[in-house]
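Student: The file below is structure.cif, mmCIF, C-alpha atoms:
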```cif
data_start
loop_
_atom_site.group_PDB
_atom_site.id
_atom_site.type_symbol
_atom_site.label_atom_id
_atom_site.label_comp_id
_atom_site.auth_asym_id
_atom_site.auth_seq_id
_atom_site.Cartn_x
_atom_site.Cartn_y
_atom_site.Cartn_z
ATOM 1 C CA MET A 1 -20.203 1.198 32.372
ATOM 2 C CA LYS A 2 -17.279 1.507 29.961
ATOM 3 C CA ILE A 3 -17.828 0.860 26.255
ATOM 4 C CA PRO A 4 -15.956 -2.399 25.453
ATOM 5 C CA ALA A 5 -13.958 -0.921 22.590
ATOM 6 C CA SER A 6 -10.600 0.735 21.938
ATOM 7 C CA VAL A 7 -9.901 4.226 20.640
ATOM 8 C CA TYR A 8 -6.612 4.725 18.806
ATOM 9 C CA MET A 9 -5.076 8.103 18.087
ATOM 10 C CA LEU A 10 -1.884 9.573 16.639
ATOM 11 C CA THR A 11 -0.300 12.564 18.353
ATOM 12 C CA CYS A 12 2.581 14.975 17.855
ATOM 13 C CA ASN A 13 2.408 18.328 19.631
ATOM 14 C CA SER A 14 -1.373 17.932 19.733
ATOM 15 C CA GLU A 15 -2.238 19.735 22.967
ATOM 16 C CA LEU A 16 -4.498 22.423 21.452
ATOM 17 C CA TYR A 17 -7.747 20.407 21.382
ATOM 18 C CA LEU A 18 -6.581 17.239 23.106
ATOM 19 C CA ASP A 19 -8.159 17.774 26.526
ATOM 20 C CA LYS A 20 -11.567 18.308 24.914
ATOM 21 C CA VAL A 21 -11.066 15.280 22.644
ATOM 22 C CA LEU A 22 -9.955 12.894 25.400
ATOM 23 C CA ASN A 23 -12.762 14.026 27.691
ATOM 24 C CA SER A 24 -15.280 13.115 24.965
ATOM 25 C CA ILE A 25 -14.012 9.494 24.816
ATOM 26 C CA ARG A 26 -13.437 8.851 28.523
ATOM 27 C CA ASP A 27 -16.232 6.222 28.497
ATOM 28 C CA PHE A 28 -14.259 3.872 26.226
ATOM 29 C CA ALA A 29 -12.505 0.951 27.912
ATOM 30 C CA GLU A 30 -9.159 1.672 26.251
ATOM 31 C CA ILE A 31 -7.444 4.661 24.646
ATOM 32 C CA ILE A 32 -4.276 3.963 22.663
ATOM 33 C CA ILE A 33 -1.958 6.891 21.907
ATOM 34 C CA VAL A 34 0.899 6.574 19.415
ATOM 35 C CA ASP A 35 3.101 9.642 19.754
ATOM 36 C CA SER A 36 5.821 10.688 17.334
ATOM 37 C CA GLY A 37 7.911 13.097 19.390
ATOM 38 C CA SER A 38 5.637 15.596 21.147
ATOM 39 C CA MET A 39 7.479 18.447 22.885
ATOM 40 C CA ASP A 40 4.426 20.218 24.325
ATOM 41 C CA ASN A 41 1.871 19.149 26.943
ATOM 42 C CA THR A 42 0.429 16.305 24.848
ATOM 43 C CA LEU A 43 1.774 13.380 26.872
ATOM 44 C CA ASP A 44 0.801 14.933 30.221
ATOM 45 C CA LEU A 45 -2.780 15.282 28.973
ATOM 46 C CA CYS A 46 -2.769 11.656 27.820
ATOM 47 C CA LYS A 47 -1.544 10.522 31.235
ATOM 48 C CA LYS A 48 -4.332 12.535 32.878
ATOM 49 C CA TYR A 49 -6.871 10.326 31.064
ATOM 50 C CA GLU A 50 -4.891 7.126 31.763
ATOM 51 C CA CYS A 51 -4.206 6.455 28.095
ATOM 52 C CA ILE A 52 -1.837 3.725 26.962
ATOM 53 C CA ILE A 53 1.057 5.621 25.357
ATOM 54 C CA ARG A 54 3.541 4.263 22.842
ATOM 55 C CA SER A 55 6.276 6.188 21.018
ATOM 56 C CA LYS A 56 6.899 5.542 17.329
ATOM 57 C CA ASP A 57 8.911 7.424 14.723
ATOM 58 C CA TRP A 58 6.689 8.767 11.960
ATOM 59 C CA MET A 59 6.080 6.216 9.178
ATOM 60 C CA GLY A 60 3.316 7.988 7.267
ATOM 61 C CA TYR A 61 -0.397 8.300 8.081
ATOM 62 C CA SER A 62 -1.599 4.863 6.960
ATOM 63 C CA LYS A 63 1.296 2.864 8.416
ATOM 64 C CA GLN A 64 1.160 4.796 11.689
ATOM 65 C CA LYS A 65 -2.576 4.203 12.059
ATOM 66 C CA GLU A 66 -2.271 0.528 11.196
ATOM 67 C CA TYR A 67 0.390 0.223 13.897
ATOM 68 C CA ALA A 68 -1.823 2.025 16.434
ATOM 69 C CA LYS A 69 -4.729 -0.273 15.594
ATOM 70 C CA SER A 70 -2.525 -3.328 16.133
ATOM 71 C CA LEU A 71 -2.005 -2.246 19.754
ATOM 72 C CA CYS A 72 -5.730 -2.303 20.561
ATOM 73 C CA SER A 73 -6.949 -4.988 22.968
ATOM 74 C CA TYR A 74 -10.585 -4.880 21.810
ATOM 75 C CA ASN A 75 -11.925 -6.039 18.461
ATOM 76 C CA TRP A 76 -14.173 -2.980 18.089
ATOM 77 C CA VAL A 77 -12.138 0.183 17.539
ATOM 78 C CA LEU A 78 -12.635 3.910 16.965
ATOM 79 C CA ASP A 79 -10.212 5.693 14.633
ATOM 80 C CA LEU A 80 -9.984 9.231 16.021
ATOM 81 C CA ASP A 81 -7.674 12.132 15.229
ATOM 82 C CA SER A 82 -6.292 14.340 17.982
ATOM 83 C CA ASP A 83 -8.491 17.262 16.859
ATOM 84 C CA GLU A 84 -11.744 15.256 16.602
ATOM 85 C CA GLU A 85 -14.329 15.334 19.391
ATOM 86 C CA VAL A 86 -17.074 12.719 19.765
ATOM 87 C CA ASP A 87 -20.510 14.217 20.338
ATOM 88 C CA ASN A 88 -22.891 12.725 22.925
ATOM 89 C CA ASN A 89 -25.379 11.360 20.378
ATOM 90 C CA LEU A 90 -22.606 9.452 18.638
ATOM 91 C CA LEU A 91 -21.387 8.080 21.949
ATOM 92 C CA GLU A 92 -24.866 6.760 22.734
ATOM 93 C CA ASP A 93 -25.243 5.276 19.250
ATOM 94 C CA ILE A 94 -21.959 3.409 19.669
ATOM 95 C CA ARG A 95 -23.255 2.061 22.988
ATOM 96 C CA TYR A 96 -26.459 0.957 21.272
ATOM 97 C CA LEU A 97 -24.584 -0.822 18.476
ATOM 98 C CA MET A 98 -22.378 -2.646 20.974
ATOM 99 C CA GLU A 99 -25.399 -3.778 22.991
ATOM 100 C CA LYS A 100 -27.925 -4.529 20.223
ATOM 101 C CA GLU A 101 -26.356 -4.567 16.755
ATOM 102 C CA LYS A 102 -22.756 -5.791 16.893
ATOM 103 C CA HIS A 103 -23.802 -9.084 15.276
ATOM 104 C CA ILE A 104 -25.573 -7.205 12.466
ATOM 105 C CA TYR A 105 -23.065 -4.519 11.472
ATOM 106 C CA ASP A 106 -19.298 -4.413 11.116
ATOM 107 C CA GLY A 107 -18.921 -0.651 11.270
ATOM 108 C CA LEU A 108 -20.406 2.828 11.474
ATOM 109 C CA ARG A 109 -20.066 5.575 8.862
ATOM 110 C CA ILE A 110 -19.755 8.764 10.860
ATOM 111 C CA HIS A 111 -20.385 12.302 9.593
ATOM 112 C CA ILE A 112 -17.597 14.817 10.213
ATOM 113 C CA HIS A 113 -18.639 18.372 11.156
ATOM 114 C CA ASP A 114 -15.820 20.832 10.473
ATOM 115 C CA ILE A 115 -15.521 23.847 12.749
ATOM 116 C CA PHE A 116 -14.532 26.967 10.795
ATOM 117 C CA PHE A 117 -14.521 30.491 12.236
ATOM 118 C CA ASN A 118 -15.516 28.917 15.591
ATOM 119 C CA ARG A 119 -18.800 27.527 14.308
ATOM 120 C CA ALA A 120 -20.120 24.409 12.645
ATOM 121 C CA LYS A 121 -21.576 24.425 9.166
ATOM 122 C CA PRO A 122 -25.373 24.887 8.956
ATOM 123 C CA GLY A 123 -27.503 21.768 8.608
ATOM 124 C CA LEU A 124 -28.158 22.428 4.908
ATOM 125 C CA VAL A 125 -24.461 22.008 4.074
ATOM 126 C CA LYS A 126 -23.484 18.454 3.109
ATOM 127 C CA THR A 127 -20.920 16.781 5.361
ATOM 128 C CA ASN A 128 -18.536 13.954 4.582
ATOM 129 C CA SER A 129 -18.888 10.587 6.304
ATOM 130 C CA ARG A 130 -16.265 7.899 6.819
ATOM 131 C CA VAL A 131 -15.979 4.526 8.529
ATOM 132 C CA LYS A 132 -14.459 5.458 11.897
ATOM 133 C CA PHE A 133 -15.913 2.873 14.314
ATOM 134 C CA TYR A 134 -15.581 -0.702 13.142
ATOM 135 C CA ARG A 135 -14.669 -4.285 13.850
ATOM 136 C CA ALA A 136 -10.859 -4.363 13.700
ATOM 137 C CA ASP A 137 -10.653 -7.642 11.805
ATOM 138 C CA CYS A 138 -12.954 -6.258 9.101
ATOM 139 C CA GLY A 139 -11.089 -3.047 8.319
ATOM 140 C CA SER A 140 -7.660 -1.963 7.121
ATOM 141 C CA TYR A 141 -5.767 0.918 5.506
ATOM 142 C CA GLU A 142 -4.115 1.190 2.110
ATOM 143 C CA ILE A 143 -0.514 1.210 3.322
ATOM 144 C CA ASP A 144 0.811 3.092 0.270
ATOM 145 C CA ARG A 145 -1.470 6.076 0.923
ATOM 146 C CA LEU A 146 0.555 9.071 2.120
ATOM 147 C CA VAL A 147 -2.480 11.187 3.024
ATOM 148 C CA HIS A 148 -6.297 10.983 3.218
ATOM 149 C CA GLU A 149 -6.001 7.550 4.758
ATOM 150 C CA SER A 150 -9.332 5.898 5.468
ATOM 151 C CA VAL A 151 -10.552 2.527 6.652
ATOM 152 C CA LYS A 152 -11.553 0.069 3.944
ATOM 153 C CA LEU A 153 -14.332 -1.999 5.513
ATOM 154 C CA ARG A 154 -15.017 -5.582 4.514
ATOM 155 C CA GLY A 155 -18.526 -5.939 5.838
ATOM 156 C CA LYS A 156 -21.819 -4.203 6.511
ATOM 157 C CA SER A 157 -22.120 -0.684 7.889
ATOM 158 C CA ARG A 158 -24.751 1.938 8.609
ATOM 159 C CA VAL A 159 -24.727 5.701 9.111
ATOM 160 C CA ALA A 160 -24.250 6.654 12.740
ATOM 161 C CA LYS A 161 -26.524 8.901 14.729
ATOM 162 C CA GLY A 162 -24.465 11.807 15.972
ATOM 163 C CA TYR A 163 -21.194 13.014 14.528
ATOM 164 C CA ILE A 164 -17.544 13.878 15.076
ATOM 165 C CA ILE A 165 -16.642 17.537 15.616
ATOM 166 C CA HIS A 166 -13.455 18.407 13.708
ATOM 167 C CA HIS A 167 -11.643 21.371 15.285
ATOM 168 C CA GLY A 168 -8.349 21.265 13.382
ATOM 169 C CA ILE A 169 -9.191 23.626 10.504
ATOM 170 C CA ASN A 170 -10.857 26.361 12.532
ATOM 171 C CA SER A 171 -8.894 29.241 10.957
ATOM 172 C CA ILE A 172 -7.857 30.280 7.463
ATOM 173 C CA SER A 173 -4.195 29.805 8.385
ATOM 174 C CA ALA A 174 -4.830 26.259 9.625
ATOM 175 C CA ARG A 175 -6.728 25.320 6.464
ATOM 176 C CA VAL A 176 -4.131 26.838 4.145
ATOM 177 C CA ASP A 177 -1.238 25.201 6.029
ATOM 178 C CA ARG A 178 -2.957 21.823 5.879
ATOM 179 C CA SER A 179 -3.769 22.281 2.193
ATOM 180 C CA ASN A 180 -0.111 23.006 1.462
ATOM 181 C CA LEU A 181 1.084 19.947 3.406
ATOM 182 C CA TYR A 182 -1.536 17.508 2.112
ATOM 183 C CA SER A 183 -1.310 18.650 -1.517
ATOM 184 C CA GLY A 184 2.412 17.878 -1.524
ATOM 185 C CA LEU A 185 1.823 14.408 -0.100
ATOM 186 C CA ARG A 186 -1.002 13.708 -2.545
ATOM 187 C CA ALA A 187 1.116 14.837 -5.497
ATOM 188 C CA GLU A 188 3.967 12.607 -4.319
ATOM 189 C CA GLU A 189 1.551 9.695 -4.028
ATOM 190 C CA LYS A 190 0.352 10.206 -7.607
ATOM 191 C CA TYR A 191 3.929 10.578 -8.832
ATOM 192 C CA ASN A 192 4.919 7.297 -7.179
ATOM 193 C CA LYS A 193 2.055 5.607 -9.021
ATOM 194 C CA ASN A 194 3.269 7.056 -12.358
ATOM 195 C CA ILE A 195 0.123 9.143 -12.794
ATOM 196 C CA LYS A 196 0.819 11.739 -15.486
ATOM 197 C CA PRO A 197 -0.148 15.397 -15.006
ATOM 198 C CA SER A 198 -2.809 16.837 -17.286
ATOM 199 C CA LEU A 199 -2.773 20.425 -18.529
ATOM 200 C CA ILE A 200 -6.547 20.347 -19.060
ATOM 201 C CA LYS A 201 -7.089 19.181 -15.478
ATOM 202 C CA LEU A 202 -4.684 21.838 -14.207
ATOM 203 C CA ILE A 203 -6.756 24.527 -15.952
ATOM 204 C CA LEU A 204 -10.198 23.218 -15.008
ATOM 205 C CA ILE A 205 -9.709 21.749 -11.531
ATOM 206 C CA PHE A 206 -10.036 25.028 -9.612
ATOM 207 C CA PRO A 207 -13.451 26.119 -10.974
ATOM 208 C CA ILE A 208 -14.804 22.555 -10.890
ATOM 209 C CA ALA A 209 -13.734 22.023 -7.275
ATOM 210 C CA PHE A 210 -15.214 25.388 -6.286
ATOM 211 C CA ILE A 211 -18.569 24.627 -7.928
ATOM 212 C CA LYS A 212 -18.661 21.214 -6.269
ATOM 213 C CA SER A 213 -17.955 22.637 -2.811
ATOM 214 C CA TYR A 214 -19.976 25.854 -2.987
ATOM 215 C CA PHE A 215 -23.050 24.693 -4.890
ATOM 216 C CA ILE A 216 -23.258 20.872 -4.981
ATOM 217 C CA LYS A 217 -22.191 20.416 -1.348
ATOM 218 C CA ARG A 218 -24.213 23.569 -0.523
ATOM 219 C CA SER A 219 -21.502 25.574 1.250
ATOM 220 C CA ILE A 220 -23.373 28.570 -0.150
ATOM 221 C CA PHE A 221 -25.667 28.252 2.888
ATOM 222 C CA ALA A 222 -22.710 28.806 5.231
ATOM 223 C CA GLY A 223 -22.434 32.465 4.250
ATOM 224 C CA ARG A 224 -19.052 34.160 4.116
ATOM 225 C CA SER A 225 -17.232 31.243 5.749
ATOM 226 C CA GLY A 226 -18.721 28.871 3.165
ATOM 227 C CA PHE A 227 -17.388 30.995 0.310
ATOM 228 C CA ILE A 228 -13.917 31.291 1.856
ATOM 229 C CA GLY A 229 -13.822 27.567 2.646
ATOM 230 C CA SER A 230 -14.819 26.667 -0.916
ATOM 231 C CA ILE A 231 -12.075 28.880 -2.354
ATOM 232 C CA ILE A 232 -9.500 27.133 -0.130
ATOM 233 C CA THR A 233 -10.895 23.730 -1.133
ATOM 234 C CA ALA A 234 -10.542 24.658 -4.806
ATOM 235 C CA PHE A 235 -7.021 25.979 -4.217
ATOM 236 C CA TYR A 236 -6.104 22.672 -2.563
ATOM 237 C CA ALA A 237 -7.361 20.782 -5.613
ATOM 238 C CA PHE A 238 -5.297 23.076 -7.850
ATOM 239 C CA LEU A 239 -2.166 22.664 -5.695
ATOM 240 C CA LYS A 240 -2.323 18.865 -5.990
ATOM 241 C CA GLU A 241 -2.188 19.101 -9.773
ATOM 242 C CA ALA A 242 0.363 21.929 -9.860
ATOM 243 C CA LYS A 243 2.743 20.040 -7.555
ATOM 244 C CA LEU A 244 2.382 16.905 -9.673
ATOM 245 C CA HIS A 245 3.481 18.980 -12.691
ATOM 246 C CA GLU A 246 6.397 20.279 -10.626
ATOM 247 C CA LEU A 247 7.514 16.751 -9.728
ATOM 248 C CA LYS A 248 7.383 15.673 -13.373
ATOM 249 C CA ILE A 249 9.448 18.685 -14.457
ATOM 250 C CA LYS A 250 12.125 17.896 -11.861
#
```
Kindly transcribe the structure held in the file into structure tokens.
Tutor:
Amino acid sequence: MKIPASVYMLTCNSELYLDKVLNSIRDFAEIIIVDSGSMDNTLDLCKKYECIIRSKDWMGYSKQKEYAKSLCSYNWVLDLDSDEEVDNNLLEDIRYLMEKEKHIYDGLRIHIHDIFFNRAKPGLVKTNSRVKFYRADCGSYEIDRLVHESVKLRGKSRVAKGYIIHHGINSISARVDRSNLYSGLRAEEKYNKNIKPSLIKLILIFPIAFIKSYFIKRSIFAGRSGFIGSIITAFYAFLKEAKLHELKIK
């Protein structure tokens, strides 16, 4: 029996992990794809899984996701990226919530397991969790956010059993490229809000971000990949501040 909920997803040249991702959500009643100009095999893969496909010029992450959500027929929705795979335990927990708990909770906070160097982080490493499955009329995005968009839930949630497998930063190149893109967007967002750059923060942000990732979030238990990942995380934090300084100078 299909899960009576919609999945919505943004795509643009997303074929790399898409078959694996769509296969993991085939039990949902509806899959909404909002594509912004794919030139690869993305749309053919979406058609293979009988997704509902709409084309939309890129408006920014938050606006694009809010538009995709508005196309959903069901009131319960899953916000999924095109490089995020739903694991079986999470799928079963969503089924359980829909059958037994949908009048108790308005959403699920789901842990994200990043794949790096073709393997997941060890269990001792802390993972981030976000509201990804929720009642559509209880959640929304901050439209002015250019990056790191997340659902703001007005209601009660619990932590989900199971997790989402994030494939999109599997290599050093992928993580560095994403850090460069996202840091520019985050700096622009701060600039638009008239947030002033701080020299002290520029100096201290790299070591603080590294300590937080490597020790507090326990990436130290991930071995060599944990050290490399923490350095990239710290560099991303530094880039956000450096690019804000650059915007102010211009």
Student: List the neighbours of stretch 44-48 of chain A out to 8 Å using all atoms listed in the file; skip same-chain residues closer than 4 positions along the sequence, and give me the result as a ChimeraX atom specification.
Tutor: /A:15,18-19,22,33,53
Student: Check which residues of stretch 140-249 of chain A sit at most 6 Å from stretch 79-92 of chain A using all atoms listed in the file, and return one row each with the closest pair of atoms and their distance in Å to one decimal, ordered by chain and rising number, as a Markdown table.
Tutor:
```
| residue | atom | partner | partner_atom | distance |
| --- | --- | --- | --- | --- |
| A:Lys161 | CA | A:Leu90 | CA | 5.6 |
| A:Gly162 | CA | A:Leu90 | CA | 4.0 |
| A:Tyr163 | CA | A:Leu90 | CA | 5.6 |
| A:Ile164 | CA | A:Val86 | CA | 4.9 |
| A:Ile165 | CA | A:Glu85 | CA | 4.9 |
| A:His166 | CA | A:Glu84 | CA | 4.6 |
| A:His167 | CA | A:Asp83 | CA | 5.4 |
| A:Gly168 | CA | A:Asp83 | CA | 5.3 |
```
Student: Quick check on the file I pasted: which residues fall under the PyMOL selection byres ((chain A and resi 26) around 10)? Write them as a PyMOL selection string.
Tutor: chain A and resi 2-3+7+21-25+27-31+49-51
Student: Please expand the PyMOL selection byres ((chain A and resi 191) around 12) into the concrete residues it hits in this file, giving the result as JSON, numbers by chain.
Tutor: {"A": [146, 184, 185, 186, 187, 188, 189, 190, 192, 193, 194, 195, 196, 197, 240, 241, 242, 243, 244, 245, 246, 247, 248, 249, 250]}
Student: Report as JSON, numbers by chain the full result of the PyMOL selection byres ((chain A and resi 234) around 12) when it is applied to this structure.
Tutor: {"A": [175, 176, 179, 183, 202, 203, 204, 205, 206, 207, 208, 209, 210, 211, 212, 213, 214, 227, 228, 229, 230, 231, 232, 233, 235, 236, 237, 238, 239, 240, 241]}
Student: Go ahead and save the residues from that selection, with C-alpha atoms, as a PDB file, keeping the file's coordinate frame.
Tutor:
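That gives us part_22.pdb:
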```pdb
ATOM      1  CA  ARG A 175      -6.728  25.320   6.464  1.00  0.00           C
ATOM      2  CA  VAL A 176      -4.131  26.838   4.145  1.00  0.00           C
ATOM      3  CA  SER A 179      -3.769  22.281   2.193  1.00  0.00           C
ATOM      4  CA  SER A 183      -1.310  18.650  -1.517  1.00  0.00           C
ATOM      5  CA  LEU A 202      -4.684  21.838 -14.207  1.00  0.00           C
ATOM      6  CA  ILE A 203      -6.756  24.527 -15.952  1.00  0.00           C
ATOM      7  CA  LEU A 204     -10.198  23.218 -15.008  1.00  0.00           C
ATOM      8  CA  ILE A 205      -9.709  21.749 -11.531  1.00  0.00           C
ATOM      9  CA  PHE A 206     -10.036  25.028  -9.612  1.00  0.00           C
ATOM     10  CA  PRO A 207     -13.451  26.119 -10.974  1.00  0.00           C
ATOM     11  CA  ILE A 208     -14.804  22.555 -10.890  1.00  0.00           C
ATOM     12  CA  ALA A 209     -13.734  22.023  -7.275  1.00  0.00           C
ATOM     13  CA  PHE A 210     -15.214  25.388  -6.286  1.00  0.00           C
ATOM     14  CA  ILE A 211     -18.569  24.627  -7.928  1.00  0.00           C
ATOM     15  CA  LYS A 212     -18.661  21.214  -6.269  1.00  0.00           C
ATOM     16  CA  SER A 213     -17.955  22.637  -2.811  1.00  0.00           C
ATOM     17  CA  TYR A 214     -19.976  25.854  -2.987  1.00  0.00           C
ATOM     18  CA  PHE A 227     -17.388  30.995   0.310  1.00  0.00           C
ATOM     19  CA  ILE A 228     -13.917  31.291   1.856  1.00  0.00           C
ATOM     20  CA  GLY A 229     -13.822  27.567   2.646  1.00  0.00           C
ATOM     21  CA  SER A 230     -14.819  26.667  -0.916  1.00  0.00           C
ATOM     22  CA  ILE A 231     -12.075  28.880  -2.354  1.00  0.00           C
ATOM     23  CA  ILE A 232      -9.500  27.133  -0.130  1.00  0.00           C
ATOM     24  CA  THR A 233     -10.895  23.730  -1.133  1.00  0.00           C
ATOM     25  CA  PHE A 235      -7.021  25.979  -4.217  1.00  0.00           C
ATOM     26  CA  TYR A 236      -6.104  22.672  -2.563  1.00  0.00           C
ATOM     27  CA  ALA A 237      -7.361  20.782  -5.613  1.00  0.00           C
ATOM     28  CA  PHE A 238      -5.297  23.076  -7.850  1.00  0.00           C
ATOM     29  CA  LEU A 239      -2.166  22.664  -5.695  1.00  0.00           C
ATOM     30  CA  LYS A 240      -2.323  18.865  -5.990  1.00  0.00           C
ATOM     31  CA  GLU A 241      -2.188  19.101  -9.773  1.00  0.00           C
TER      32      GLU A 241
END
```
Student: How far is it from atom CA of A:Ile216 to atom CA of A:Lys132, in Å with one decimal?
Tutor: 24.5 Å
Student: Would you mind telling me which residue in A:Ser219, A:Thr42, A:Asn13, A:Ser225 lies nearest to A:Gly123 when using all atoms listed in the file?
Tutor: A:Ser219
Student: Of the candidates A:Tyr74, A:Arg224, A:Val147, A:Asn170, which one gets nearest to A:Leu16 if we count only C-alpha atoms?
Tutor: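 Using only C-alpha atoms, the shortest distance to A:Leu16 belongs to A:Asn170.
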Student: For a quick check of understanding, using all atoms listed in the file, which of A:Phe221, A:Phe116, A:Tyr96, A:Tyr8 has the smallest distance to A:Ile52?
Tutor: A:Tyr8
Student: Around all of stretch 87-98 of chain A's listed atoms, make the axis-aligned box with 3 Å on each side and tell me centre and edge lengths in Å to one decimal, as JSON.
Tutor:
```
{"center_x": -23.5, "center_y": 5.8, "center_z": 20.7, "size_x": 11.9, "size_y": 22.9, "size_z": 10.5}
```
Student: Record the distance separating atom CA of A:Ser140 and atom CA of A:Lys152, expressed in Å with one decimal.
Tutor: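 Here the two named atoms are 5.4 Å from each other.
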Student: Rounded to one decimal place, report the atom CA of A:Asp57-atom CA of A:Gly37 distance in Å.
Tutor: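 Distance between the two atoms: 7.4 Å.
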Student: From the list A:Gly60, A:Gly155, A:Gly223, A:Gly139, which residue is nearest A:His103 when using all atoms listed in the file?
Tutor: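 That would be A:Gly155, the residue with the smallest distance to A:His103.
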Student: I'd like the contact shell of A:Arg54 - 8 Å cut-off, only C-alpha atoms, skipping same-chain residues fewer than 3 positions apart - returned as a ChimeraX atom specification.
Tutor: /A:32-35
Student: Give me a file of those residues, with C-alpha atoms, as a PDB file, keeping the file's coordinate frame.
Tutor:
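Result file follows (result03.pdb):
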```pdb
ATOM      1  CA  ILE A  32      -4.276   3.963  22.663  1.00  0.00           C
ATOM      2  CA  ILE A  33      -1.958   6.891  21.907  1.00  0.00           C
ATOM      3  CA  VAL A  34       0.899   6.574  19.415  1.00  0.00           C
ATOM      4  CA  ASP A  35       3.101   9.642  19.754  1.00  0.00           C
TER       5      ASP A  35
END
```
Student: Hey, could you patch up stretch 120-139 of chain A with N, CA and C atoms and hand it over as a short mmCIF file (atom, residue, chain, number, x, y, z; two decimals), keeping the file's coordinate frame?
Tutor:
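Ended up saving to out.cif:
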```
data_model
loop_
_atom_site.label_atom_id
_atom_site.label_comp_id
_atom_site.auth_asym_id
_atom_site.auth_seq_id
_atom_site.Cartn_x
_atom_site.Cartn_y
_atom_site.Cartn_z
N ALA A 120 -19.88 25.54 13.55
CA ALA A 120 -20.12 24.41 12.64
C ALA A 120 -20.89 24.89 11.42
N LYS A 121 -20.82 24.10 10.36
CA LYS A 121 -21.58 24.42 9.17
C LYS A 121 -23.07 24.25 9.43
N PRO A 122 -23.92 25.07 8.80
CA PRO A 122 -25.37 24.89 8.96
C PRO A 122 -25.82 23.51 8.48
N GLY A 123 -26.99 23.09 8.93
CA GLY A 123 -27.50 21.77 8.61
C GLY A 123 -27.72 21.53 7.12
N LEU A 124 -27.92 22.59 6.34
CA LEU A 124 -28.16 22.43 4.91
C LEU A 124 -26.89 22.07 4.14
N VAL A 125 -25.73 22.31 4.74
CA VAL A 125 -24.46 22.01 4.07
C VAL A 125 -24.17 20.52 4.20
N LYS A 126 -23.80 19.88 3.09
CA LYS A 126 -23.48 18.45 3.11
C LYS A 126 -22.17 18.21 3.85
N THR A 127 -22.14 17.15 4.64
CA THR A 127 -20.92 16.78 5.36
C THR A 127 -20.42 15.43 4.86
N ASN A 128 -19.13 15.23 4.98
CA ASN A 128 -18.54 13.95 4.58
C ASN A 128 -18.73 12.92 5.68
N SER A 129 -18.82 11.66 5.31
CA SER A 129 -18.89 10.59 6.30
C SER A 129 -17.84 9.54 5.96
N ARG A 130 -17.29 8.93 7.00
CA ARG A 130 -16.26 7.90 6.82
C ARG A 130 -16.47 6.80 7.85
N VAL A 131 -15.98 5.61 7.54
CA VAL A 131 -15.98 4.53 8.53
C VAL A 131 -14.93 4.87 9.58
N LYS A 132 -15.38 5.09 10.81
CA LYS A 132 -14.46 5.46 11.90
C LYS A 132 -14.56 4.48 13.07
N PHE A 133 -15.73 3.88 13.26
CA PHE A 133 -15.91 2.87 14.31
C PHE A 133 -16.23 1.56 13.62
N TYR A 134 -15.44 0.53 13.92
CA TYR A 134 -15.58 -0.70 13.14
C TYR A 134 -14.95 -1.88 13.88
N ARG A 135 -15.27 -3.06 13.35
CA ARG A 135 -14.67 -4.28 13.85
C ARG A 135 -13.25 -4.39 13.26
N ALA A 136 -12.26 -4.48 14.14
CA ALA A 136 -10.86 -4.36 13.70
C ALA A 136 -10.47 -5.40 12.66
N ASP A 137 -11.03 -6.60 12.76
CA ASP A 137 -10.65 -7.64 11.80
C ASP A 137 -11.39 -7.52 10.48
N CYS A 138 -12.23 -6.48 10.35
CA CYS A 138 -12.95 -6.26 9.10
C CYS A 138 -12.50 -4.99 8.38
N GLY A 139 -11.52 -4.30 8.93
CA GLY A 139 -11.09 -3.05 8.32
C GLY A 139 -9.58 -2.91 8.28
#
```
